[in-house]
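upload_35.cif, holding mmCIF, C-alpha atoms:
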data_coords
loop_
_atom_site.label_atom_id
_atom_site.label_comp_id
_atom_site.auth_asym_id
_atom_site.auth_seq_id
_atom_site.Cartn_x
_atom_site.Cartn_y
_atom_site.Cartn_z
CA MET A 1 78.38 103.19 106.21
CA VAL A 2 76.13 100.22 105.57
CA VAL A 3 76.33 97.55 108.27
CA ARG A 4 75.32 94.69 105.95
CA TRP A 5 74.93 94.94 102.20
CA THR A 6 72.10 93.15 100.46
CA GLY A 7 70.80 93.47 96.92
CA ARG A 8 68.57 96.29 98.12
CA GLU A 9 71.41 98.55 99.29
CA THR A 10 73.50 97.60 96.27
CA ARG A 11 70.79 98.84 93.91
CA VAL A 12 70.50 102.10 95.85
CA LEU A 13 74.25 102.67 95.62
CA ARG A 14 74.16 102.07 91.87
CA LEU A 15 71.31 104.56 91.49
CA ALA A 16 73.15 107.09 93.67
CA GLN A 17 76.21 106.68 91.45
CA ARG A 18 73.94 107.06 88.38
CA MET A 19 75.56 104.07 86.76
CA THR A 20 74.23 101.35 84.49
CA VAL A 21 74.37 97.77 85.74
CA ARG A 22 77.29 97.05 83.43
CA THR A 23 79.31 100.12 84.49
CA PHE A 24 78.60 99.50 88.16
CA ALA A 25 79.63 95.85 87.89
CA ALA A 26 82.90 96.77 86.19
CA ALA A 27 83.66 99.33 88.89
CA ILE A 28 83.24 96.72 91.63
CA GLY A 29 85.02 93.97 89.73
CA VAL A 30 82.13 91.51 89.30
CA SER A 31 79.94 90.49 86.35
CA ASP A 32 76.85 92.45 85.39
CA ARG A 33 74.91 89.21 85.78
CA MET A 34 76.00 89.11 89.42
CA VAL A 35 74.78 92.66 90.06
CA SER A 36 71.45 91.89 88.39
CA LYS A 37 71.11 88.81 90.61
CA TRP A 38 71.75 90.90 93.73
CA GLU A 39 69.24 93.54 92.77
CA LYS A 40 66.58 90.99 91.80
CA GLY A 41 67.00 89.20 95.12
CA GLY A 42 66.74 92.44 97.09
CA ALA A 43 67.03 92.06 100.85
CA THR A 44 67.20 88.26 100.55
CA VAL A 45 70.58 88.29 98.78
CA GLU A 46 73.77 89.11 100.64
CA PRO A 47 77.02 89.53 98.61
CA ARG A 48 80.14 87.74 99.78
CA PRO A 49 82.33 89.53 102.36
CA ALA A 50 84.94 90.55 99.77
CA ASN A 51 82.25 92.11 97.60
CA GLN A 52 80.75 93.83 100.64
CA ALA A 53 84.18 95.34 101.31
CA ALA A 54 84.31 96.57 97.71
CA LEU A 55 80.89 98.19 98.14
CA ASP A 56 82.07 99.79 101.39
CA THR A 57 85.05 101.27 99.58
CA MET A 58 83.00 102.55 96.66
CA LEU A 59 80.66 104.38 99.03
CA ALA A 60 83.48 105.71 101.22
CA LEU A 61 85.41 107.12 98.25
CA ALA A 62 82.36 108.51 96.47
CA ASP A 63 82.03 112.28 96.30
CA LYS A 64 79.75 114.11 98.71
CA ALA A 65 76.88 114.41 96.22
CA VAL A 66 76.78 110.63 95.68
CA GLN A 67 76.90 109.95 99.43
CA GLU A 68 74.05 112.38 100.04
CA ARG A 69 71.95 110.80 97.29
CA PHE A 70 72.66 107.37 98.76
CA ALA A 71 71.69 108.47 102.27
CA THR A 72 68.46 110.03 101.03
CA LEU A 73 67.47 107.05 98.88
CA ILE A 74 68.31 104.42 101.49
CA THR A 75 66.43 106.29 104.20
CA GLU A 76 63.37 106.78 102.00
CA GLN A 77 63.46 103.13 100.99
CA ALA A 78 63.79 101.88 104.55
CA ALA A 79 60.86 104.02 105.68
CA ALA A 80 58.69 103.02 102.72
CA THR A 81 59.25 99.30 103.23
CA ALA A 82 59.18 99.24 107.04
CA ASP A 83 62.64 97.69 106.97
CA PRO A 84 63.42 96.56 110.55
CA ARG A 85 67.07 97.54 109.99
CA THR A 86 66.19 101.20 109.41
CA GLU A 87 68.18 102.41 112.43
CA THR A 88 71.31 100.45 111.52
CA LEU A 89 71.42 100.76 107.74
CA LEU A 90 73.68 103.81 108.02
CA SER A 91 75.99 103.26 110.96
CA ALA A 92 79.21 105.24 111.45
CA ASP A 93 82.05 104.39 109.06
CA THR A 94 85.00 103.14 111.08
CA ARG A 95 87.42 104.04 108.31
CA ILE A 96 88.96 107.49 108.43
CA TYR A 97 90.18 108.95 105.13
CA ARG A 98 92.20 112.09 104.47
CA THR A 99 93.72 113.64 101.40
CA HIS A 100 97.40 114.37 101.91
CA PRO A 101 98.17 118.07 101.32
CA VAL A 102 101.44 117.52 99.43
CA ASP A 103 100.81 114.82 96.84
CA GLY A 104 97.00 114.78 97.00
CA LYS A 105 96.80 111.05 97.66
CA VAL A 106 93.87 109.62 99.62
CA MET A 107 95.14 107.92 102.77
CA VAL A 108 93.32 105.70 105.25
CA GLN A 109 94.04 105.29 108.94
CA VAL A 110 95.16 101.90 110.24
CA GLU A 111 94.57 101.78 113.97
CA GLU A 112 97.09 100.58 116.53
CA GLY A 113 96.80 97.04 117.78
CA ILE A 114 97.80 93.43 117.28
CA TYR A 115 97.81 91.80 113.88
CA LEU A 116 98.95 88.38 112.64
CA ALA A 117 102.31 88.59 110.90
CA GLY A 118 104.22 86.32 108.57
CA PRO A 119 103.51 82.77 107.42
CA ASP A 120 103.32 81.59 111.04
CA ASP A 121 100.69 84.22 112.00
CA GLU A 122 102.77 85.59 114.85
CA PRO A 123 100.81 88.14 116.97
CA VAL A 124 102.56 91.51 116.68
CA TRP A 125 101.65 94.87 118.19
CA LEU A 126 101.90 97.79 115.78
CA SER A 127 101.34 101.49 116.40
CA GLY A 128 98.76 103.29 114.30
CA PHE A 129 99.66 104.83 110.94
CA TRP A 130 98.21 106.06 107.64
CA ILE A 131 98.73 104.45 104.25
CA ASP A 132 97.90 105.41 100.67
CA VAL A 133 94.70 103.75 99.47
CA PHE A 134 96.21 103.36 95.99
CA PRO A 135 99.78 102.82 94.78
CA THR A 136 101.65 105.85 93.45
CA THR A 137 100.50 106.30 89.85
CA ASN A 138 102.23 107.76 86.82
CA ALA A 139 100.05 110.86 87.23
CA ASP A 140 101.19 111.22 90.86
CA TYR A 141 104.81 110.78 89.85
CA ALA A 142 104.47 113.34 87.06
CA ARG A 143 103.41 116.00 89.60
CA TYR A 144 106.42 115.06 91.70
CA LEU A 145 108.77 115.41 88.73
CA THR A 146 107.32 118.81 87.90
CA ALA A 147 108.03 119.95 91.44
CA THR A 148 111.52 118.47 91.71
CA SER A 149 112.99 117.81 88.24
CA HIS A 150 113.79 114.25 89.34
CA THR A 151 114.73 111.85 86.52
CA SER A 152 111.70 110.29 84.82
CA PRO A 153 111.20 106.51 84.49
CA ARG A 154 112.79 104.88 81.46
CA HIS A 155 109.50 104.00 79.71
CA TRP A 156 108.36 107.66 79.61
CA SER A 157 108.95 109.86 76.57
CA PRO A 158 112.34 111.56 75.99
CA GLU A 159 110.64 114.79 77.14
CA GLY A 160 109.79 113.16 80.47
CA HIS A 161 106.07 112.52 79.91
CA SER A 162 104.18 109.41 80.98
CA PRO A 163 102.21 107.55 78.29
CA GLU A 164 98.70 109.02 78.50
CA ALA A 165 97.05 105.60 78.65
CA LEU A 166 99.04 104.80 81.80
CA PHE A 167 98.20 107.87 83.93
CA ASP A 168 96.15 105.78 86.38
CA HIS A 169 98.53 102.80 86.37
CA PRO A 170 101.18 102.38 89.07
CA VAL A 171 104.49 104.02 88.26
CA VAL A 172 107.21 101.45 87.51
CA TRP A 173 110.90 101.45 86.64
CA VAL A 174 111.59 103.14 89.98
CA ASP A 175 114.25 101.81 92.33
CA TRP A 176 114.20 102.08 96.13
CA HIS A 177 116.05 105.41 96.02
CA ASP A 178 113.48 106.88 93.61
CA ALA A 179 110.61 105.72 95.81
CA THR A 180 112.26 107.04 98.96
CA ALA A 181 112.92 110.41 97.32
CA TYR A 182 109.23 110.72 96.36
CA ALA A 183 108.17 109.82 99.91
CA ARG A 184 110.55 112.40 101.36
CA TRP A 185 109.18 115.07 99.00
CA ALA A 186 105.62 114.19 100.05
CA HIS A 187 106.54 114.40 103.76
CA LYS A 188 105.82 110.69 104.09
CA THR A 189 107.85 107.48 104.26
CA LEU A 190 107.78 104.14 102.52
CA PRO A 191 105.77 101.75 104.72
CA THR A 192 107.64 99.25 106.81
CA SER A 193 107.08 95.63 105.91
CA ALA A 194 104.94 95.29 109.05
CA GLN A 195 102.79 98.32 108.19
CA TRP A 196 102.29 97.08 104.65
CA GLU A 197 101.30 93.60 105.80
CA LYS A 198 98.83 94.83 108.41
CA ALA A 199 97.19 97.13 105.84
CA ALA A 200 96.84 94.10 103.56
CA ARG A 201 95.72 91.42 106.02
CA GLY A 202 93.66 93.52 108.42
CA PRO A 203 93.48 93.17 112.21
CA LYS A 204 92.33 89.54 111.96
CA GLY A 205 95.21 88.46 109.75
CA SER A 206 93.36 87.06 106.75
CA THR A 207 95.48 85.17 104.22
CA TYR A 208 94.59 87.59 101.42
CA PRO A 209 93.26 91.14 101.54
CA TRP A 210 89.75 89.90 100.63
CA GLY A 211 89.70 86.88 102.96
CA GLU A 212 90.83 83.26 102.91
CA ALA A 213 89.80 82.19 99.41
CA ALA A 214 92.72 81.77 96.99
CA THR A 215 91.01 83.69 94.19
CA ALA A 216 93.46 84.80 91.52
CA ALA A 217 90.72 86.74 89.70
CA LYS A 218 90.79 89.37 92.45
CA ALA A 219 94.29 90.52 91.51
CA ASN A 220 96.45 91.26 88.48
CA VAL A 221 98.78 88.26 88.65
CA ARG A 222 100.29 86.00 86.00
CA GLU A 223 97.22 83.76 85.91
CA SER A 224 95.10 86.76 84.89
CA GLY A 225 96.86 86.76 81.53
CA ILE A 226 96.91 90.56 81.29
CA THR A 227 100.74 90.78 81.00
CA SER A 228 100.90 94.45 81.98
CA THR A 229 99.96 96.83 84.76
CA THR A 230 96.31 97.82 85.22
CA PRO A 231 94.56 100.92 86.63
CA VAL A 232 95.02 101.04 90.40
CA SER A 233 91.27 101.18 91.09
CA ARG A 234 90.37 98.18 88.93
CA TYR A 235 90.25 95.41 91.54
CA ARG A 236 87.63 96.67 94.00
CA SER A 237 86.75 93.16 95.13
CA GLY A 238 90.40 92.61 96.05
CA ALA A 239 90.60 95.55 98.47
CA SER A 240 91.78 94.92 102.03
CA PRO A 241 89.67 95.31 105.20
CA TYR A 242 90.96 98.89 105.36
CA GLY A 243 89.85 99.58 101.80
CA VAL A 244 93.40 99.57 100.41
CA TYR A 245 93.82 98.49 96.79
CA ASP A 246 96.38 96.44 94.86
CA LEU A 247 98.00 94.77 97.85
CA CYS A 248 98.10 91.59 95.77
CA GLY A 249 99.33 91.77 92.20
CA ASN A 250 99.81 94.59 89.70
CA THR A 251 103.28 95.60 90.96
CA TRP A 252 105.71 94.68 93.69
CA GLU A 253 106.00 97.54 96.19
CA TRP A 254 109.11 98.83 97.92
CA THR A 255 109.12 99.05 101.72
CA SER A 256 111.51 100.79 104.08
CA SER A 257 112.49 97.52 105.77
CA GLN A 258 116.13 96.65 105.14
CA THR A 259 116.99 92.95 105.01
CA ARG A 260 120.75 93.46 104.76
CA PRO A 261 122.92 96.35 103.60
CA GLY A 262 121.65 97.64 100.28
CA ARG A 263 118.60 95.34 100.10
CA TYR A 264 114.97 96.07 101.04
CA GLU A 265 111.77 94.09 101.27
CA LEU A 266 109.26 94.05 98.44
CA LYS A 267 105.62 93.17 99.06
CA GLY A 268 102.54 92.25 97.11
CA SER A 269 103.68 90.40 93.95
CA ALA A 270 102.99 91.65 90.41
CA PHE A 271 101.37 90.92 87.06
CA THR A 272 104.51 88.93 86.24
CA SER A 273 104.23 86.75 89.35
CA PRO A 274 102.29 83.51 89.92
CA PHE A 275 99.39 83.82 92.34
CA GLU A 276 101.19 81.61 94.87
CA GLN A 277 103.55 84.55 95.55
CA ALA A 278 100.72 87.02 96.18
CA ALA A 279 100.01 86.31 99.86
CA PRO A 280 100.91 89.45 101.88
CA SER A 281 102.82 87.30 104.38
CA ALA A 282 105.25 86.11 101.68
CA PHE A 283 108.84 87.35 101.71
CA ASN A 284 110.77 88.96 98.87
CA ASP A 285 113.59 91.49 98.72
CA ALA A 286 115.80 93.20 96.16
CA CYS A 287 118.82 95.40 95.76
CA ALA A 288 117.98 99.08 96.30
CA THR A 289 119.19 99.92 92.79
CA MET A 290 116.88 97.39 91.11
CA ALA A 291 114.26 98.93 88.80
CA ASP A 292 111.87 96.90 86.67
CA ASP A 293 108.58 97.10 84.78
CA ASP A 294 106.74 95.33 87.63
CA THR A 295 107.97 97.29 90.66
CA GLY A 296 106.44 100.42 92.19
CA PHE A 297 105.50 101.76 95.63
CA ARG A 298 103.03 103.54 97.87
CA CYS A 299 103.62 105.74 100.92
CA ALA A 300 102.73 105.75 104.59
CA ALA A 301 102.76 108.34 107.36
CA LEU A 302 102.49 108.34 111.14
CA ALA A 303 100.20 111.37 110.94
CA VAL A 304 98.39 113.47 108.35
CA PRO A 305 97.89 117.21 108.98
CA PRO A 306 94.41 117.75 110.53
CA GLY A 307 93.40 120.20 107.83
CA ALA A 308 94.08 117.72 105.01
#
Could I get this structure in the form of C-alpha cells?
Amino acid sequence: MVVRWTGRETRVLRLAQRMTVRTFAAAIGVSDRMVSKWEKGGATVEPRPANQAALDTMLALADKAVQERFATLITEQAAATADPRTETLLSADTRIYRTHPVDGKVMVQVEEGIYLAGPDDEPVWLSGFWIDVFPTTNADYARYLTATSHTSPRHWSPEGHSPEALFDHPVVWVDWHDATAYARWAHKTLPTSAQWEKAARGPKGSTYPWGEAATAAKANVRESGITSTTPVSRYRSGASPYGVYDLCGNTWEWTSSQTRPGRYELKGSAFTSPFEQAAPSAFNDACATMADDDTGFRCAALAVPPGA
C-alpha cells in the first residue's frame, strides 16, 4: 500500500487500471479536472486525506493483475527518478480483506481497541470484528433468495426478480427480520450499533467517514438531489478509514442493537435524509417490522473462515 499518495502515484494507479482520466475520476468520485491537476503536479501535489483513502481502497480492491502492474510501474518509476521514497512507496497494507465463503461479500477486519462513540465522543473499548465493505445489494439478496426461497422485496417483479438496473444498488424494502434472516443464512450477524459506528468513524473517531469536513457531496443524501439509491461503490471519496463504503447516505442500515422491545437502531442516513442526519454518531431507530425504500443493511462477523 502507498504510504502517501501524490499525483505521481495516482497516475501510475490509473495506468495500472488501464482507465482514461474521465473513467478513473468517476471511479474515485472526483472531477476529471482534479485528476489531471494531480497528474500534472506529479510528486508536488498531494490529494486530500479523504481522496487518499479512496485511492487506498481502489488499490486494495483491485484484482491481482492490476496490483502487480501497479507494483511494477511504481518501482520502475521510483528507480528511474531516484525518488528518495523508493523504500516506502509500497509499505504493508494494514487492512486485511477476505471474501466470505457463503455470500461472497468482501469483508474488512476492524481491529480491537478504543474508539470515540456517540455525539459526546465517549472512549469505548470494542473487540475486533469483520464488516462488509459494501451494503448488501440486490444481486446479493437475489442469491440468498435462490438458496432459501425467502420472500422477495416488494419493488421486485412478480416473479421475484430484481430490476436489472439495480443489481449493484443496496437492497431495500427489507425489515429487520428480513435482514437478520439473511445474516443468519450467511453465517454472520447484523453489526451492533457500536461496531457500525467504529467502522464508520475509525479508531480516531472522525465526525464523518472521510474526516471532519461536512461535505454532502461525498454521500447520497437529500442535498445530492438524486432522489433514489445509487450503486454501492459510487462514493469512493466517502469511504471510511477502514475502506468501508456508504456509511453516510444511500440507505439507512439495520443493526442488531435493540433500543426497546421490537425496535432496533438504524445507522447511516439515506438519500431521503438531510445531510445533518448523516453523522455516524447520530441516533435513529425503528420498529422491526418497518420496511421502506430507503432502508437496507450490511453484515458483520467476529471471524471469517481462514480459507475464505
Residues of segment 219-248 of chain A within 7 Å of segment 254-275 of chain A: nearest atom pair and distance (Å, one decimal) for each, counting only C-alpha atoms, sorted by chain and number, as a tab-separated table?
residue	atom	partner	partner_atom	distance
A:Asn220	CA	A:Phe271	CA	5.1
A:Val221	CA	A:Phe271	CA	4.0
A:Arg222	CA	A:Pro274	CA	5.1
A:Glu223	CA	A:Pro274	CA	6.5
A:Thr227	CA	A:Phe271	CA	6.1
A:Ser228	CA	A:Phe271	CA	6.2
A:Thr229	CA	A:Phe271	CA	6.5
A:Leu247	CA	A:Gly268	CA	5.2
A:Cys248	CA	A:Gly268	CA	4.7
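For the pair atom CA of Thr251 of chain A and atom CA of Ala219 of chain A, the separation is 10.3 Å.
In this structure, atom CA of Thr72 of chain A sits 12.0 Å away from atom CA of Glu9 of chain A.
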Exercise for the section: Identify all residues satisfying the PyMOL selection byres ((chain A and resi 51) around 10) in the given file; provide them as a VMD selection string. Expected result: chain A and resid 5 28 to 30 46 to 50 52 to 57 210 236 to 239
Selection file, C-alpha atoms, as a tab-separated table (two decimals), keeping the file's coordinate frame:
chain	number	residue	atom	x	y	z
A	5	TRP	CA	74.93	94.94	102.20
A	28	ILE	CA	83.24	96.72	91.63
A	29	GLY	CA	85.02	93.97	89.73
A	30	VAL	CA	82.13	91.51	89.30
A	46	GLU	CA	73.77	89.11	100.64
A	47	PRO	CA	77.02	89.53	98.61
A	48	ARG	CA	80.14	87.74	99.78
A	49	PRO	CA	82.33	89.53	102.36
A	50	ALA	CA	84.94	90.55	99.77
A	52	GLN	CA	80.75	93.83	100.64
A	53	ALA	CA	84.18	95.34	101.31
A	54	ALA	CA	84.31	96.57	97.71
A	55	LEU	CA	80.89	98.19	98.14
A	56	ASP	CA	82.07	99.79	101.39
A	57	THR	CA	85.05	101.27	99.58
A	210	TRP	CA	89.75	89.90	100.63
A	236	ARG	CA	87.63	96.67	94.00
A	237	SER	CA	86.75	93.16	95.13
A	238	GLY	CA	90.40	92.61	96.05
A	239	ALA	CA	90.60	95.55	98.47
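In this model, the gap between atom CA of Val244 of chain A and atom CA of Asp132 of chain A comes to 7.4 Å.
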Could you give me, as a PDB file with C-alpha atoms, in the frame of the given file, the residues within 10 Å of Gly104 of chain A, counting only C-alpha atoms and dropping anything in the same chain fewer than 2 positions from it?
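Final output, saved to part_13.pdb:
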ATOM      1  CA  ARG A  98      92.200 112.090 104.470  1.00  0.00           C
ATOM      2  CA  THR A  99      93.720 113.640 101.400  1.00  0.00           C
ATOM      3  CA  HIS A 100      97.400 114.370 101.910  1.00  0.00           C
ATOM      4  CA  PRO A 101      98.170 118.070 101.320  1.00  0.00           C
ATOM      5  CA  VAL A 102     101.440 117.520  99.430  1.00  0.00           C
ATOM      6  CA  VAL A 106      93.870 109.620  99.620  1.00  0.00           C
ATOM      7  CA  MET A 107      95.140 107.920 102.770  1.00  0.00           C
ATOM      8  CA  ASP A 140     101.190 111.220  90.860  1.00  0.00           C
ATOM      9  CA  ARG A 143     103.410 116.000  89.600  1.00  0.00           C
ATOM     10  CA  ALA A 186     105.620 114.190 100.050  1.00  0.00           C
ATOM     11  CA  ALA A 308      94.080 117.720 105.010  1.00  0.00           C
TER      12      ALA A 308
END
Problem - Residue with smallest distance to Ala291 of chain A - pool A:Gly42, A:Ser224, A:Val174, A:Ile131, counting only C-alpha atoms - result: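 When distances to Ala291 of chain A are compared using only C-alpha atoms, the smallest one comes from A:Val174.
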Neighbours of point (103.6, 84.5, 105.7) within 7 Å, using all atoms listed in the file, written as a PDB file with C-alpha atoms, keeping the file's coordinate frame:
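Output file point.pdb follows:
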ATOM      1  CA  ALA A 117     102.310  88.590 110.900  1.00  0.00           C
ATOM      2  CA  GLY A 118     104.220  86.320 108.570  1.00  0.00           C
ATOM      3  CA  PRO A 119     103.510  82.770 107.420  1.00  0.00           C
ATOM      4  CA  ASP A 120     103.320  81.590 111.040  1.00  0.00           C
ATOM      5  CA  ASP A 121     100.690  84.220 112.000  1.00  0.00           C
ATOM      6  CA  PRO A 280     100.910  89.450 101.880  1.00  0.00           C
ATOM      7  CA  SER A 281     102.820  87.300 104.380  1.00  0.00           C
ATOM      8  CA  ALA A 282     105.250  86.110 101.680  1.00  0.00           C
TER       9      ALA A 282
END
Exercise for the section: Name the residues that the PyMOL selection byres ((chain A and resi 109-112) around 10) pulls out of this structure, and write them as JSON, numbers by chain. Expected result: {"A": [94, 95, 96, 97, 98, 107, 108, 113, 114, 115, 125, 126, 127, 128, 129, 130, 131, 132, 133, 195, 198, 199, 202, 203, 241, 242, 300, 301, 302, 303, 304]}
Handout entry: Nearest residue to Asp168 of chain A from the set A:Gln67, A:Thr289, A:Thr148, A:Thr230 (distances using only C-alpha atoms)
Key = A:Thr230
Practice task
Translate the PyMOL selection byres ((chain A and resi 25) around 12), as applied to the file shown, into an explicit residue set as a PyMOL selection string.
Solution key: chain A and resi 10-11+13-14+17+19-24+26-39+51+54-55+58+234-237
Practice task
Determine the nearest neighbour of Ala279 of chain A from the options A:Pro170, A:Gly225, A:Pro123, A:Gly211, counting only C-alpha atoms.
Solution key: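 The answer is A:Gly211, which sits nearest to Ala279 of chain A.
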Handout entry: For Lys204 of chain A, the nearest of the candidates A:Glu122, A:Ser162, A:Phe70, A:Asp285, counting all atoms listed in the file
Key = A:Glu122
Problem - Pick from A:Glu68, A:Leu73, A:Pro209, A:Thr44, whichever lies nearest to Val12 of chain A using all atoms listed in the file - result: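 For Val12 of chain A, the nearest of the given residues is A:Leu73.
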Handout entry: Distance criterion (all atoms listed in the file): nearest to Glu276 of chain A out of A:Asp292, A:Trp196, A:Tyr208, A:His169
Key =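 Nearest candidate to Glu276 of chain A out of A:Asp292, A:Trp196, A:Tyr208, A:His169: A:Tyr208.
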Write out as AutoDock Vina command-line options an axis-aligned box for segment 198-212 of chain A: all of its atoms listed in the file, 8 Å added on each side, centre and edge lengths in Å with one decimal.
--center_x 94.3 --center_y 90.2 --center_z 106.4 --size_x 25.1 --size_y 29.9 --size_z 27.6
